[in-house]
$ cat upload-v3.cif   # mmCIF, N, CA and C atoms
data_upload
#
loop_
_atom_site.group_PDB
_atom_site.id
_atom_site.type_symbol
_atom_site.label_atom_id
_atom_site.label_comp_id
_atom_site.auth_asym_id
_atom_site.auth_seq_id
_atom_site.Cartn_x
_atom_site.Cartn_y
_atom_site.Cartn_z
ATOM 1 N N MET A 2 11.866 -55.408 -85.317
ATOM 2 C CA MET A 2 13.078 -54.667 -85.062
ATOM 3 C C MET A 2 14.147 -55.638 -84.582
ATOM 4 N N GLY A 3 15.334 -55.518 -85.128
ATOM 5 C CA GLY A 3 16.415 -56.430 -84.790
ATOM 6 C C GLY A 3 17.158 -56.035 -83.524
ATOM 7 N N CYS A 4 18.014 -56.951 -83.075
ATOM 8 C CA CYS A 4 18.804 -56.727 -81.850
ATOM 9 C C CYS A 4 19.647 -55.461 -81.948
ATOM 10 N N TRP A 5 20.343 -55.288 -83.077
ATOM 11 C CA TRP A 5 21.263 -54.154 -83.182
ATOM 12 C C TRP A 5 20.519 -52.827 -83.221
ATOM 13 N N GLN A 6 19.302 -52.824 -83.796
ATOM 14 C CA GLN A 6 18.510 -51.595 -83.784
ATOM 15 C C GLN A 6 18.078 -51.246 -82.363
ATOM 16 N N LEU A 7 17.643 -52.247 -81.608
ATOM 17 C CA LEU A 7 17.254 -52.013 -80.213
ATOM 18 C C LEU A 7 18.433 -51.510 -79.391
ATOM 19 N N ILE A 8 19.588 -52.107 -79.609
ATOM 20 C CA ILE A 8 20.782 -51.701 -78.866
ATOM 21 C C ILE A 8 21.173 -50.268 -79.218
ATOM 22 N N SER A 9 21.101 -49.910 -80.484
ATOM 23 C CA SER A 9 21.428 -48.538 -80.892
ATOM 24 C C SER A 9 20.469 -47.531 -80.273
ATOM 25 N N ILE A 10 19.190 -47.874 -80.228
ATOM 26 C CA ILE A 10 18.201 -46.986 -79.616
ATOM 27 C C ILE A 10 18.487 -46.812 -78.131
ATOM 28 N N ILE A 11 18.759 -47.902 -77.434
ATOM 29 C CA ILE A 11 19.015 -47.828 -75.993
ATOM 30 C C ILE A 11 20.302 -47.070 -75.706
ATOM 31 N N ARG A 12 21.349 -47.339 -76.468
ATOM 32 C CA ARG A 12 22.614 -46.616 -76.261
ATOM 33 C C ARG A 12 22.425 -45.124 -76.492
ATOM 34 N N GLY A 13 21.758 -44.776 -77.584
ATOM 35 C CA GLY A 13 21.520 -43.364 -77.875
ATOM 36 C C GLY A 13 20.703 -42.680 -76.802
ATOM 37 N N LEU A 14 19.680 -43.362 -76.315
ATOM 38 C CA LEU A 14 18.835 -42.804 -75.261
ATOM 39 C C LEU A 14 19.634 -42.583 -73.978
ATOM 40 N N PHE A 15 20.450 -43.561 -73.603
ATOM 41 C CA PHE A 15 21.245 -43.418 -72.384
ATOM 42 C C PHE A 15 22.312 -42.335 -72.528
ATOM 43 N N ILE A 16 22.893 -42.197 -73.703
ATOM 44 C CA ILE A 16 23.876 -41.130 -73.915
ATOM 45 C C ILE A 16 23.205 -39.767 -73.792
ATOM 46 N N LEU A 17 22.051 -39.601 -74.438
ATOM 47 C CA LEU A 17 21.347 -38.323 -74.352
ATOM 48 C C LEU A 17 20.934 -37.993 -72.921
ATOM 49 N N LEU A 18 20.393 -38.983 -72.214
ATOM 50 C CA LEU A 18 19.973 -38.746 -70.830
ATOM 51 C C LEU A 18 21.156 -38.407 -69.927
ATOM 52 N N SER A 19 22.259 -39.133 -70.093
ATOM 53 C CA SER A 19 23.411 -38.853 -69.235
ATOM 54 C C SER A 19 24.012 -37.482 -69.543
ATOM 55 N N LEU A 20 23.958 -37.054 -70.801
ATOM 56 C CA LEU A 20 24.429 -35.707 -71.123
ATOM 57 C C LEU A 20 23.489 -34.647 -70.560
ATOM 58 N N LEU A 21 22.182 -34.897 -70.650
ATOM 59 C CA LEU A 21 21.221 -33.947 -70.081
ATOM 60 C C LEU A 21 21.397 -33.809 -68.574
ATOM 61 N N PHE A 22 21.661 -34.921 -67.898
ATOM 62 C CA PHE A 22 21.807 -34.898 -66.447
ATOM 63 C C PHE A 22 23.209 -34.490 -66.002
ATOM 64 N N GLY A 23 24.207 -34.579 -66.890
ATOM 65 C CA GLY A 23 25.591 -34.353 -66.489
ATOM 66 C C GLY A 23 26.208 -33.031 -66.902
ATOM 67 N N LEU A 24 25.661 -32.379 -67.921
ATOM 68 C CA LEU A 24 26.238 -31.114 -68.372
ATOM 69 C C LEU A 24 25.632 -29.953 -67.599
ATOM 70 N N SER A 25 26.474 -29.093 -67.084
ATOM 71 C CA SER A 25 25.992 -28.000 -66.234
ATOM 72 C C SER A 25 25.147 -26.986 -67.003
ATOM 73 N N ALA A 26 25.286 -26.912 -68.317
ATOM 74 C CA ALA A 26 24.490 -25.978 -69.116
ATOM 75 C C ALA A 26 23.083 -26.506 -69.388
ATOM 76 N N SER A 27 22.833 -27.747 -69.053
ATOM 77 C CA SER A 27 21.530 -28.362 -69.310
ATOM 78 C C SER A 27 20.507 -27.918 -68.268
ATOM 79 N N PRO A 28 19.251 -27.732 -68.698
ATOM 80 C CA PRO A 28 18.213 -27.383 -67.714
ATOM 81 C C PRO A 28 17.865 -28.543 -66.777
ATOM 82 N N LEU A 29 18.269 -29.752 -67.121
ATOM 83 C CA LEU A 29 17.993 -30.926 -66.293
ATOM 84 C C LEU A 29 19.223 -31.387 -65.511
ATOM 85 N N PHE A 30 20.188 -30.493 -65.342
ATOM 86 C CA PHE A 30 21.446 -30.846 -64.674
ATOM 87 C C PHE A 30 21.197 -31.401 -63.274
ATOM 88 N N VAL A 31 21.836 -32.540 -62.982
ATOM 89 C CA VAL A 31 21.766 -33.151 -61.658
ATOM 90 C C VAL A 31 23.155 -33.177 -61.034
ATOM 91 N N SER A 32 24.096 -33.833 -61.723
ATOM 92 C CA SER A 32 25.456 -33.955 -61.212
ATOM 93 C C SER A 32 26.384 -34.284 -62.374
ATOM 94 N N ALA A 33 27.616 -33.821 -62.276
ATOM 95 C CA ALA A 33 28.601 -34.124 -63.315
ATOM 96 C C ALA A 33 28.971 -35.604 -63.320
ATOM 97 N N GLN A 34 28.620 -36.324 -62.268
ATOM 98 C CA GLN A 34 28.905 -37.761 -62.194
ATOM 99 C C GLN A 34 28.159 -38.540 -63.274
ATOM 100 N N TRP A 35 27.091 -37.979 -63.817
ATOM 101 C CA TRP A 35 26.347 -38.650 -64.883
ATOM 102 C C TRP A 35 27.183 -38.816 -66.149
ATOM 103 N N LEU A 36 28.241 -38.035 -66.302
ATOM 104 C CA LEU A 36 29.098 -38.158 -67.482
ATOM 105 C C LEU A 36 29.850 -39.484 -67.495
ATOM 106 N N TRP A 37 29.983 -40.135 -66.337
ATOM 107 C CA TRP A 37 30.603 -41.460 -66.287
ATOM 108 C C TRP A 37 29.778 -42.473 -67.078
ATOM 109 N N VAL A 38 28.475 -42.287 -67.139
ATOM 110 C CA VAL A 38 27.622 -43.193 -67.919
ATOM 111 C C VAL A 38 28.014 -43.124 -69.390
ATOM 112 N N CYS A 39 28.278 -41.914 -69.893
ATOM 113 C CA CYS A 39 28.731 -41.764 -71.287
ATOM 114 C C CYS A 39 30.043 -42.507 -71.517
ATOM 115 N N LEU A 40 30.948 -42.405 -70.566
ATOM 116 C CA LEU A 40 32.227 -43.101 -70.682
ATOM 117 C C LEU A 40 32.030 -44.613 -70.716
ATOM 118 N N LEU A 41 31.185 -45.131 -69.848
ATOM 119 C CA LEU A 41 30.934 -46.574 -69.824
ATOM 120 C C LEU A 41 30.288 -47.057 -71.121
ATOM 121 N N ILE A 42 29.374 -46.274 -71.669
ATOM 122 C CA ILE A 42 28.745 -46.645 -72.937
ATOM 123 C C ILE A 42 29.776 -46.632 -74.060
ATOM 124 N N ALA A 43 30.656 -45.631 -74.058
ATOM 125 C CA ALA A 43 31.694 -45.560 -75.084
ATOM 126 C C ALA A 43 32.637 -46.755 -75.002
ATOM 127 N N VAL A 44 33.019 -47.145 -73.797
ATOM 128 C CA VAL A 44 33.888 -48.313 -73.627
ATOM 129 C C VAL A 44 33.173 -49.575 -74.103
ATOM 130 N N ASN A 45 31.888 -49.691 -73.780
ATOM 131 C CA ASN A 45 31.104 -50.838 -74.228
ATOM 132 C C ASN A 45 31.037 -50.885 -75.750
ATOM 133 N N MET A 46 30.809 -49.729 -76.390
ATOM 134 C CA MET A 46 30.732 -49.691 -77.849
ATOM 135 C C MET A 46 32.079 -50.047 -78.479
ATOM 136 N N LEU A 47 33.155 -49.572 -77.874
ATOM 137 C CA LEU A 47 34.494 -49.869 -78.384
ATOM 138 C C LEU A 47 34.807 -51.357 -78.279
ATOM 139 N N THR A 48 34.558 -51.953 -77.133
ATOM 140 C CA THR A 48 34.844 -53.382 -76.974
ATOM 141 C C THR A 48 33.922 -54.228 -77.842
ATOM 142 N N SER A 49 32.685 -53.796 -78.007
ATOM 143 C CA SER A 49 31.758 -54.521 -78.873
ATOM 144 C C SER A 49 32.237 -54.481 -80.324
ATOM 145 N N GLY A 50 32.729 -53.330 -80.746
ATOM 146 C CA GLY A 50 33.227 -53.206 -82.111
ATOM 147 C C GLY A 50 34.495 -54.003 -82.357
ATOM 148 N N LEU A 51 35.358 -54.074 -81.357
ATOM 149 C CA LEU A 51 36.625 -54.779 -81.521
ATOM 150 C C LEU A 51 36.496 -56.293 -81.366
ATOM 151 N N THR A 52 35.639 -56.731 -80.457
ATOM 152 C CA THR A 52 35.547 -58.162 -80.168
ATOM 153 C C THR A 52 34.311 -58.832 -80.752
ATOM 154 N N GLY A 53 33.285 -58.040 -81.074
ATOM 155 C CA GLY A 53 32.042 -58.622 -81.574
ATOM 156 C C GLY A 53 31.136 -59.134 -80.465
ATOM 157 N N PHE A 54 31.541 -58.967 -79.205
ATOM 158 C CA PHE A 54 30.738 -59.433 -78.076
ATOM 159 C C PHE A 54 29.983 -58.268 -77.459
ATOM 160 N N CYS A 55 28.671 -58.439 -77.334
ATOM 161 C CA CYS A 55 27.842 -57.433 -76.689
ATOM 162 C C CYS A 55 26.837 -58.158 -75.806
ATOM 163 N N LEU A 56 26.948 -57.949 -74.510
ATOM 164 C CA LEU A 56 26.083 -58.636 -73.557
ATOM 165 C C LEU A 56 24.612 -58.297 -73.782
ATOM 166 N N LEU A 57 24.325 -57.044 -74.096
ATOM 167 C CA LEU A 57 22.943 -56.634 -74.332
ATOM 168 C C LEU A 57 22.358 -57.331 -75.558
ATOM 169 N N SER A 58 23.185 -57.561 -76.566
ATOM 170 C CA SER A 58 22.737 -58.286 -77.752
ATOM 171 C C SER A 58 22.338 -59.713 -77.405
ATOM 172 N N HIS A 59 23.146 -60.370 -76.603
ATOM 173 C CA HIS A 59 22.818 -61.735 -76.190
ATOM 174 C C HIS A 59 21.530 -61.767 -75.380
ATOM 175 N N LEU A 60 21.344 -60.779 -74.524
ATOM 176 C CA LEU A 60 20.133 -60.706 -73.712
ATOM 177 C C LEU A 60 18.895 -60.520 -74.589
ATOM 178 N N PHE A 61 18.962 -59.587 -75.543
ATOM 179 C CA PHE A 61 17.812 -59.352 -76.418
ATOM 180 C C PHE A 61 17.494 -60.562 -77.283
ATOM 181 N N CYS A 62 18.519 -61.245 -77.764
ATOM 182 C CA CYS A 62 18.282 -62.427 -78.595
ATOM 183 C C CYS A 62 17.642 -63.546 -77.779
ATOM 184 N N LYS A 63 18.044 -63.677 -76.531
ATOM 185 C CA LYS A 63 17.420 -64.687 -75.666
ATOM 186 C C LYS A 63 15.979 -64.325 -75.336
ATOM 187 N N LEU A 64 15.668 -63.033 -75.342
ATOM 188 C CA LEU A 64 14.301 -62.590 -75.082
ATOM 189 C C LEU A 64 13.422 -62.664 -76.329
ATOM 190 N N GLY A 65 14.023 -63.005 -77.475
ATOM 191 C CA GLY A 65 13.232 -63.243 -78.669
ATOM 192 C C GLY A 65 13.344 -62.209 -79.769
ATOM 193 N N ALA A 66 14.231 -61.232 -79.643
ATOM 194 C CA ALA A 66 14.398 -60.246 -80.705
ATOM 195 C C ALA A 66 15.098 -60.896 -81.898
ATOM 196 N N LYS A 67 14.771 -60.407 -83.099
ATOM 197 C CA LYS A 67 15.408 -60.928 -84.309
ATOM 198 C C LYS A 67 16.877 -60.533 -84.344
ATOM 199 N N ARG A 68 17.695 -61.368 -84.971
ATOM 200 C CA ARG A 68 19.129 -61.097 -85.067
ATOM 201 C C ARG A 68 19.474 -60.163 -86.210
ATOM 202 N N ALA A 69 18.532 -59.787 -87.012
ATOM 203 C CA ALA A 69 18.795 -58.929 -88.173
ATOM 204 C C ALA A 69 19.374 -57.663 -87.699
#

$ encode --input "upload-v3.cif" --output "structure tokens"
Amino acid sequence: MGCWQLISIIRGLFILLSLLFGLSASPLFVSAQWLWVCLLIAVNMLTSGLTGFCLLSHLFCKLGAKRA
């Protein structure tokens, strides 16, 4: 599995978890503050798309994940 696939899986998982914990209609609701995690992920995805720099990608590549 390549770096970008791992990053997509992690981003998707964190978005789903933060929505589950942040939306009041969810059975796992904790606090609306969890919605800030979605905002931070969106900003990270936007800057990664515009600049090509993703810190998580560099970390995974240093840990030995394929660049594909």

$ atom_distance --input "upload-v3.cif" --atom1 "atom C of Thr48 in chain A" --atom2 "CA of Gly23 in chain A"
24.4 Å

$ atom_distance --input "upload-v3.cif" --atom1 "atom N of Trp35 in chain A" --atom2 "atom N of Leu20 in chain A"
7.7 Å

$ closest_residue --input "upload-v3.cif" --among "A:Met46, A:Ser19, A:Phe54, A:Arg68" --to "Gln34 in chain A" --atoms "all atoms listed in the file"
A:Ser19

$ atom_distance --input "upload-v3.cif" --atom1 "atom N of Leu57 in chain A" --atom2 "atom C of Cys39 in chain A"
15.8 Å

$ resolve_selection --input "upload-v3.cif" --expression "the PyMOL selection byres (((chain A and resi 37 and name CA) around 12) and name CA)" --output "number ranges by chain"
A: 15-16, 18-20, 22-24, 32-36, 38-44

$ select_by_dssp --input "upload-v3.cif" --residues "chain A" --states "helix (DSSP H, G or I)" --output "PyMOL selection string"
chain A and resi 4-23+33-52+56-63

$ write_last_selection --input "upload-v3.cif" --atoms "N, CA and C atoms" --output "tab-separated table (two decimals), in the frame of the given file"
chain	number	residue	atom	x	y	z
A	4	CYS	N	18.01	-56.95	-83.08
A	4	CYS	CA	18.80	-56.73	-81.85
A	4	CYS	C	19.65	-55.46	-81.95
A	5	TRP	N	20.34	-55.29	-83.08
A	5	TRP	CA	21.26	-54.15	-83.18
A	5	TRP	C	20.52	-52.83	-83.22
A	6	GLN	N	19.30	-52.82	-83.80
A	6	GLN	CA	18.51	-51.60	-83.78
A	6	GLN	C	18.08	-51.25	-82.36
A	7	LEU	N	17.64	-52.25	-81.61
A	7	LEU	CA	17.25	-52.01	-80.21
A	7	LEU	C	18.43	-51.51	-79.39
A	8	ILE	N	19.59	-52.11	-79.61
A	8	ILE	CA	20.78	-51.70	-78.87
A	8	ILE	C	21.17	-50.27	-79.22
A	9	SER	N	21.10	-49.91	-80.48
A	9	SER	CA	21.43	-48.54	-80.89
A	9	SER	C	20.47	-47.53	-80.27
A	10	ILE	N	19.19	-47.87	-80.23
A	10	ILE	CA	18.20	-46.99	-79.62
A	10	ILE	C	18.49	-46.81	-78.13
A	11	ILE	N	18.76	-47.90	-77.43
A	11	ILE	CA	19.02	-47.83	-75.99
A	11	ILE	C	20.30	-47.07	-75.71
A	12	ARG	N	21.35	-47.34	-76.47
A	12	ARG	CA	22.61	-46.62	-76.26
A	12	ARG	C	22.42	-45.12	-76.49
A	13	GLY	N	21.76	-44.78	-77.58
A	13	GLY	CA	21.52	-43.36	-77.88
A	13	GLY	C	20.70	-42.68	-76.80
A	14	LEU	N	19.68	-43.36	-76.32
A	14	LEU	CA	18.84	-42.80	-75.26
A	14	LEU	C	19.63	-42.58	-73.98
A	15	PHE	N	20.45	-43.56	-73.60
A	15	PHE	CA	21.24	-43.42	-72.38
A	15	PHE	C	22.31	-42.34	-72.53
A	16	ILE	N	22.89	-42.20	-73.70
A	16	ILE	CA	23.88	-41.13	-73.92
A	16	ILE	C	23.20	-39.77	-73.79
A	17	LEU	N	22.05	-39.60	-74.44
A	17	LEU	CA	21.35	-38.32	-74.35
A	17	LEU	C	20.93	-37.99	-72.92
A	18	LEU	N	20.39	-38.98	-72.21
A	18	LEU	CA	19.97	-38.75	-70.83
A	18	LEU	C	21.16	-38.41	-69.93
A	19	SER	N	22.26	-39.13	-70.09
A	19	SER	CA	23.41	-38.85	-69.24
A	19	SER	C	24.01	-37.48	-69.54
A	20	LEU	N	23.96	-37.05	-70.80
A	20	LEU	CA	24.43	-35.71	-71.12
A	20	LEU	C	23.49	-34.65	-70.56
A	21	LEU	N	22.18	-34.90	-70.65
A	21	LEU	CA	21.22	-33.95	-70.08
A	21	LEU	C	21.40	-33.81	-68.57
A	22	PHE	N	21.66	-34.92	-67.90
A	22	PHE	CA	21.81	-34.90	-66.45
A	22	PHE	C	23.21	-34.49	-66.00
A	23	GLY	N	24.21	-34.58	-66.89
A	23	GLY	CA	25.59	-34.35	-66.49
A	23	GLY	C	26.21	-33.03	-66.90
A	33	ALA	N	27.62	-33.82	-62.28
A	33	ALA	CA	28.60	-34.12	-63.32
A	33	ALA	C	28.97	-35.60	-63.32
A	34	GLN	N	28.62	-36.32	-62.27
A	34	GLN	CA	28.90	-37.76	-62.19
A	34	GLN	C	28.16	-38.54	-63.27
A	35	TRP	N	27.09	-37.98	-63.82
A	35	TRP	CA	26.35	-38.65	-64.88
A	35	TRP	C	27.18	-38.82	-66.15
A	36	LEU	N	28.24	-38.03	-66.30
A	36	LEU	CA	29.10	-38.16	-67.48
A	36	LEU	C	29.85	-39.48	-67.50
A	37	TRP	N	29.98	-40.14	-66.34
A	37	TRP	CA	30.60	-41.46	-66.29
A	37	TRP	C	29.78	-42.47	-67.08
A	38	VAL	N	28.48	-42.29	-67.14
A	38	VAL	CA	27.62	-43.19	-67.92
A	38	VAL	C	28.01	-43.12	-69.39
A	39	CYS	N	28.28	-41.91	-69.89
A	39	CYS	CA	28.73	-41.76	-71.29
A	39	CYS	C	30.04	-42.51	-71.52
A	40	LEU	N	30.95	-42.40	-70.57
A	40	LEU	CA	32.23	-43.10	-70.68
A	40	LEU	C	32.03	-44.61	-70.72
A	41	LEU	N	31.18	-45.13	-69.85
A	41	LEU	CA	30.93	-46.57	-69.82
A	41	LEU	C	30.29	-47.06	-71.12
A	42	ILE	N	29.37	-46.27	-71.67
A	42	ILE	CA	28.74	-46.64	-72.94
A	42	ILE	C	29.78	-46.63	-74.06
A	43	ALA	N	30.66	-45.63	-74.06
A	43	ALA	CA	31.69	-45.56	-75.08
A	43	ALA	C	32.64	-46.76	-75.00
A	44	VAL	N	33.02	-47.14	-73.80
A	44	VAL	CA	33.89	-48.31	-73.63
A	44	VAL	C	33.17	-49.58	-74.10
A	45	ASN	N	31.89	-49.69	-73.78
A	45	ASN	CA	31.10	-50.84	-74.23
A	45	ASN	C	31.04	-50.88	-75.75
A	46	MET	N	30.81	-49.73	-76.39
A	46	MET	CA	30.73	-49.69	-77.85
A	46	MET	C	32.08	-50.05	-78.48
A	47	LEU	N	33.16	-49.57	-77.87
A	47	LEU	CA	34.49	-49.87	-78.38
A	47	LEU	C	34.81	-51.36	-78.28
A	48	THR	N	34.56	-51.95	-77.13
A	48	THR	CA	34.84	-53.38	-76.97
A	48	THR	C	33.92	-54.23	-77.84
A	49	SER	N	32.68	-53.80	-78.01
A	49	SER	CA	31.76	-54.52	-78.87
A	49	SER	C	32.24	-54.48	-80.32
A	50	GLY	N	32.73	-53.33	-80.75
A	50	GLY	CA	33.23	-53.21	-82.11
A	50	GLY	C	34.49	-54.00	-82.36
A	51	LEU	N	35.36	-54.07	-81.36
A	51	LEU	CA	36.62	-54.78	-81.52
A	51	LEU	C	36.50	-56.29	-81.37
A	52	THR	N	35.64	-56.73	-80.46
A	52	THR	CA	35.55	-58.16	-80.17
A	52	THR	C	34.31	-58.83	-80.75
A	56	LEU	N	26.95	-57.95	-74.51
A	56	LEU	CA	26.08	-58.64	-73.56
A	56	LEU	C	24.61	-58.30	-73.78
A	57	LEU	N	24.32	-57.04	-74.10
A	57	LEU	CA	22.94	-56.63	-74.33
A	57	LEU	C	22.36	-57.33	-75.56
A	58	SER	N	23.18	-57.56	-76.57
A	58	SER	CA	22.74	-58.29	-77.75
A	58	SER	C	22.34	-59.71	-77.40
A	59	HIS	N	23.15	-60.37	-76.60
A	59	HIS	CA	22.82	-61.74	-76.19
A	59	HIS	C	21.53	-61.77	-75.38
A	60	LEU	N	21.34	-60.78	-74.52
A	60	LEU	CA	20.13	-60.71	-73.71
A	60	LEU	C	18.90	-60.52	-74.59
A	61	PHE	N	18.96	-59.59	-75.54
A	61	PHE	CA	17.81	-59.35	-76.42
A	61	PHE	C	17.49	-60.56	-77.28
A	62	CYS	N	18.52	-61.24	-77.76
A	62	CYS	CA	18.28	-62.43	-78.60
A	62	CYS	C	17.64	-63.55	-77.78
A	63	LYS	N	18.04	-63.68	-76.53
A	63	LYS	CA	17.42	-64.69	-75.67
A	63	LYS	C	15.98	-64.32	-75.34

$ closest_residue --input "upload-v3.cif" --among "A:Phe30, A:Ser58, A:Leu21, A:Gly53" --to "Ile8 in chain A" --atoms "only N, CA and C atoms"
A:Ser58

$ resolve_selection --input "upload-v3.cif" --expression "the PyMOL selection byres ((chain A and resi 2) around 6)" --output "list in words"
Gly3, Cys4, Gln6, Leu7, Ala66 and Lys67 of chain A
